[in-house]
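Below you'll find the structure, written out as structure tokens, and then a few comments.
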Amino acid sequence: MAEARAPQKSLPKINPVDRPFWEGAAKNKFLLQKCKSCGKVQFFPRVACVDCFGELDWIESKGTGKVHTFTLVRVPRNPAFKDETPIYYINVILDEGVIVESRLVGDSKENVKMGDRVKAVFEQTHNPEIKLPCFELT
């Protein structure tokens, strides 16, 4: 009889457009794209500026911001996350002005309120080349 395989957490499928972001995350850096023409900072990674279609550079974010909104997940879609419930999903307005979605981690996450300050932290995954950017309260 075959043994039951434990569910595994899903990971991003890295592509050429977002590869620099994931390489930065592996080094505990939160990278954003900045347009060489108009200066717009954007996230998530794209092939061109969303405002002027200009060429993009990568810049390092401070990795800090404030909670715009949050929700709790008590029943995850993937059973591999069952032991982490409730999972705190947050929208963060980074100090650079872009909104990112992530998880809130850390011992004090139960005390989160909209407007709270957060900073990026990077969690190692089962793939040694991929770290996931999360946030914790400051």
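Naming works like this for the structure tokens: A, B, ... for the chains as they're shown, residue 1 at the start of each chain, ligands 1 onward in shown order.
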Requested in this report: Run DSSP on the backbone and give me the residues of chain A it puts in helix (DSSP H, G or I), as a PyMOL selection string.
Outcome: chain A and resi 19-26+79-84+109-111
Requested in this report: Please give the complete set of residues from chain A that DSSP, run on the backbone, assigns to strand (DSSP E or B), formatted as a PyMOL selection string.
Outcome: chain A and resi 31-35+41-42+56-60+64-73+87-94+99-104+117-124+131-137
Requested in this report: Compile the contact shell of Gln124 (chain A) as a PyMOL selection string: residues with an atom at most 10 Å away, counting only C-alpha atoms, same-chain residues fewer than 4 positions apart removed.
Outcome: chain A and resi 25-26+128-133
Query - Distance query Val121 (chain A) at most 10 Å, only C-alpha atoms, self and fewer than 4 positions along chain excluded, as a PyMOL selection string - result: chain A and resi 25+28-30+63-64+104-106+131-136
Please identify every residue of region 26-76 of chain A that has at least one atom no farther than 10 Å from an atom of region 80-102 of chain A, counting only C-alpha atoms, and for each give the shortest atom pair and the distance in Å to one decimal, arranged by chain then increasing number, as a Markdown table.
| residue | atom | partner | partner_atom | distance |
| --- | --- | --- | --- | --- |
| A:Leu32 | CA | A:Val98 | CA | 9.0 |
| A:Lys40 | CA | A:Gly97 | CA | 9.7 |
| A:Val41 | CA | A:Val98 | CA | 7.1 |
| A:Gln42 | CA | A:Val98 | CA | 6.2 |
| A:Phe43 | CA | A:Val98 | CA | 6.4 |
| A:Phe44 | CA | A:Val100 | CA | 7.7 |
| A:Ser61 | CA | A:Glu96 | CA | 7.1 |
| A:Lys62 | CA | A:Asp95 | CA | 7.3 |
| A:Gly63 | CA | A:Leu94 | CA | 6.9 |
| A:Thr64 | CA | A:Leu94 | CA | 5.7 |
| A:Gly65 | CA | A:Leu94 | CA | 4.0 |
| A:Lys66 | CA | A:Ile93 | CA | 5.5 |
| A:Val67 | CA | A:Val92 | CA | 4.6 |
| A:His68 | CA | A:Val92 | CA | 5.3 |
| A:Thr69 | CA | A:Asn91 | CA | 5.3 |
| A:Phe70 | CA | A:Ile90 | CA | 4.2 |
| A:Thr71 | CA | A:Tyr89 | CA | 5.4 |
| A:Leu72 | CA | A:Tyr88 | CA | 4.8 |
| A:Val73 | CA | A:Ile87 | CA | 5.0 |
| A:Arg74 | CA | A:Pro86 | CA | 4.6 |
| A:Val75 | CA | A:Lys82 | CA | 7.2 |
| A:Pro76 | CA | A:Phe81 | CA | 6.2 |
Please produce a file of those selected residues containing N, CA and C atoms, as a PDB file, in the first residue's frame.
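Result saved to out_18.pdb:
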ATOM      1  N   LEU A  32      12.042  46.678  -5.698  1.00  0.00           N
ATOM      2  CA  LEU A  32      10.944  47.271  -6.465  1.00  0.00           C
ATOM      3  C   LEU A  32      11.483  47.706  -7.813  1.00  0.00           C
ATOM      4  N   LYS A  40       8.367  56.467 -11.856  1.00  0.00           N
ATOM      5  CA  LYS A  40       7.343  55.731 -11.111  1.00  0.00           C
ATOM      6  C   LYS A  40       7.947  54.470 -10.514  1.00  0.00           C
ATOM      7  N   VAL A  41       7.602  54.227  -9.250  1.00  0.00           N
ATOM      8  CA  VAL A  41       7.993  53.004  -8.566  1.00  0.00           C
ATOM      9  C   VAL A  41       6.792  52.066  -8.618  1.00  0.00           C
ATOM     10  N   GLN A  42       7.040  50.785  -8.918  1.00  0.00           N
ATOM     11  CA  GLN A  42       5.914  49.862  -9.049  1.00  0.00           C
ATOM     12  C   GLN A  42       6.236  48.496  -8.481  1.00  0.00           C
ATOM     13  N   PHE A  43       5.181  47.826  -8.121  1.00  0.00           N
ATOM     14  CA  PHE A  43       5.221  46.432  -7.692  1.00  0.00           C
ATOM     15  C   PHE A  43       3.865  45.860  -8.040  1.00  0.00           C
ATOM     16  N   PHE A  44       3.805  44.806  -8.584  1.00  0.00           N
ATOM     17  CA  PHE A  44       4.565  43.625  -8.810  1.00  0.00           C
ATOM     18  C   PHE A  44       5.402  43.766 -10.073  1.00  0.00           C
ATOM     19  N   SER A  61      13.984  48.555  -1.724  1.00  0.00           N
ATOM     20  CA  SER A  61      13.020  49.214  -0.848  1.00  0.00           C
ATOM     21  C   SER A  61      13.565  49.225   0.581  1.00  0.00           C
ATOM     22  N   LYS A  62      13.080  50.177   1.367  1.00  0.00           N
ATOM     23  CA  LYS A  62      13.408  50.154   2.794  1.00  0.00           C
ATOM     24  C   LYS A  62      12.781  48.935   3.460  1.00  0.00           C
ATOM     25  N   GLY A  63      11.705  48.404   2.833  1.00  0.00           N
ATOM     26  CA  GLY A  63      11.022  47.244   3.407  1.00  0.00           C
ATOM     27  C   GLY A  63      10.131  47.600   4.575  1.00  0.00           C
ATOM     28  N   THR A  64       9.801  48.881   4.692  1.00  0.00           N
ATOM     29  CA  THR A  64       8.934  49.329   5.789  1.00  0.00           C
ATOM     30  C   THR A  64       7.694  50.003   5.219  1.00  0.00           C
ATOM     31  N   GLY A  65       6.642  49.997   6.018  1.00  0.00           N
ATOM     32  CA  GLY A  65       5.407  50.626   5.585  1.00  0.00           C
ATOM     33  C   GLY A  65       4.353  50.515   6.665  1.00  0.00           C
ATOM     34  N   LYS A  66       3.090  50.673   6.238  1.00  0.00           N
ATOM     35  CA  LYS A  66       2.001  50.572   7.209  1.00  0.00           C
ATOM     36  C   LYS A  66       0.907  49.661   6.676  1.00  0.00           C
ATOM     37  N   VAL A  67       0.199  49.036   7.598  1.00  0.00           N
ATOM     38  CA  VAL A  67      -0.883  48.123   7.251  1.00  0.00           C
ATOM     39  C   VAL A  67      -2.044  48.938   6.694  1.00  0.00           C
ATOM     40  N   HIS A  68      -2.423  48.626   5.458  1.00  0.00           N
ATOM     41  CA  HIS A  68      -3.563  49.277   4.820  1.00  0.00           C
ATOM     42  C   HIS A  68      -4.852  48.543   5.182  1.00  0.00           C
ATOM     43  N   THR A  69      -4.793  47.218   5.134  1.00  0.00           N
ATOM     44  CA  THR A  69      -5.927  46.382   5.529  1.00  0.00           C
ATOM     45  C   THR A  69      -5.414  44.978   5.817  1.00  0.00           C
ATOM     46  N   PHE A  70      -6.241  44.162   6.473  1.00  0.00           N
ATOM     47  CA  PHE A  70      -5.834  42.787   6.764  1.00  0.00           C
ATOM     48  C   PHE A  70      -7.053  41.899   6.904  1.00  0.00           C
ATOM     49  N   THR A  71      -6.821  40.611   6.801  1.00  0.00           N
ATOM     50  CA  THR A  71      -7.866  39.614   7.003  1.00  0.00           C
ATOM     51  C   THR A  71      -7.241  38.364   7.611  1.00  0.00           C
ATOM     52  N   LEU A  72      -8.062  37.553   8.229  1.00  0.00           N
ATOM     53  CA  LEU A  72      -7.607  36.294   8.816  1.00  0.00           C
ATOM     54  C   LEU A  72      -8.143  35.135   7.996  1.00  0.00           C
ATOM     55  N   VAL A  73      -7.306  34.143   7.770  1.00  0.00           N
ATOM     56  CA  VAL A  73      -7.729  32.914   7.108  1.00  0.00           C
ATOM     57  C   VAL A  73      -7.686  31.814   8.156  1.00  0.00           C
ATOM     58  N   ARG A  74      -8.832  31.247   8.429  1.00  0.00           N
ATOM     59  CA  ARG A  74      -8.899  30.185   9.437  1.00  0.00           C
ATOM     60  C   ARG A  74      -8.906  28.791   8.814  1.00  0.00           C
ATOM     61  N   VAL A  75      -9.315  28.687   7.544  1.00  0.00           N
ATOM     62  CA  VAL A  75      -9.332  27.413   6.839  1.00  0.00           C
ATOM     63  C   VAL A  75      -8.564  27.610   5.532  1.00  0.00           C
ATOM     64  N   PRO A  76      -7.292  27.243   5.497  1.00  0.00           N
ATOM     65  CA  PRO A  76      -6.490  27.472   4.289  1.00  0.00           C
ATOM     66  C   PRO A  76      -6.896  26.523   3.163  1.00  0.00           C
TER      67      PRO A  76
END
**Report entry** Test item: residues at most 7 Å from Trp58 (chain A), only C-alpha atoms, excluding those fewer than 3 positions along its chain, as a list of chain:residue names
**Finding:** A:Leu31, A:Leu32, A:Gln33, A:Lys34
Save out the residues we just selected, N, CA and C atoms, as a PDB file, in the first residue's frame.
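Saved to result_32.pdb:
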ATOM      1  N   LEU A  31      12.993  44.193  -3.319  1.00  0.00           N
ATOM      2  CA  LEU A  31      13.271  45.012  -4.499  1.00  0.00           C
ATOM      3  C   LEU A  31      11.990  45.480  -5.174  1.00  0.00           C
ATOM      4  N   LEU A  32      12.042  46.678  -5.698  1.00  0.00           N
ATOM      5  CA  LEU A  32      10.944  47.271  -6.465  1.00  0.00           C
ATOM      6  C   LEU A  32      11.483  47.706  -7.813  1.00  0.00           C
ATOM      7  N   GLN A  33      10.592  47.911  -8.755  1.00  0.00           N
ATOM      8  CA  GLN A  33      10.986  48.440 -10.052  1.00  0.00           C
ATOM      9  C   GLN A  33      10.751  49.945 -10.076  1.00  0.00           C
ATOM     10  N   LYS A  34      11.674  50.673 -10.742  1.00  0.00           N
ATOM     11  CA  LYS A  34      11.545  52.119 -10.903  1.00  0.00           C
ATOM     12  C   LYS A  34      11.792  52.453 -12.369  1.00  0.00           C
TER      13      LYS A  34
END
Query raised in the report: CA of Asn15 (chain A) and CA of Lys36 (chain A) are how many Å apart?
Result: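 CA of Asn15 (chain A) sits 21.9 Å away from CA of Lys36 (chain A).
Atom pair CA of Ser108 (chain A) / CA of Glu23 (chain A): separated by 28.6 Å.
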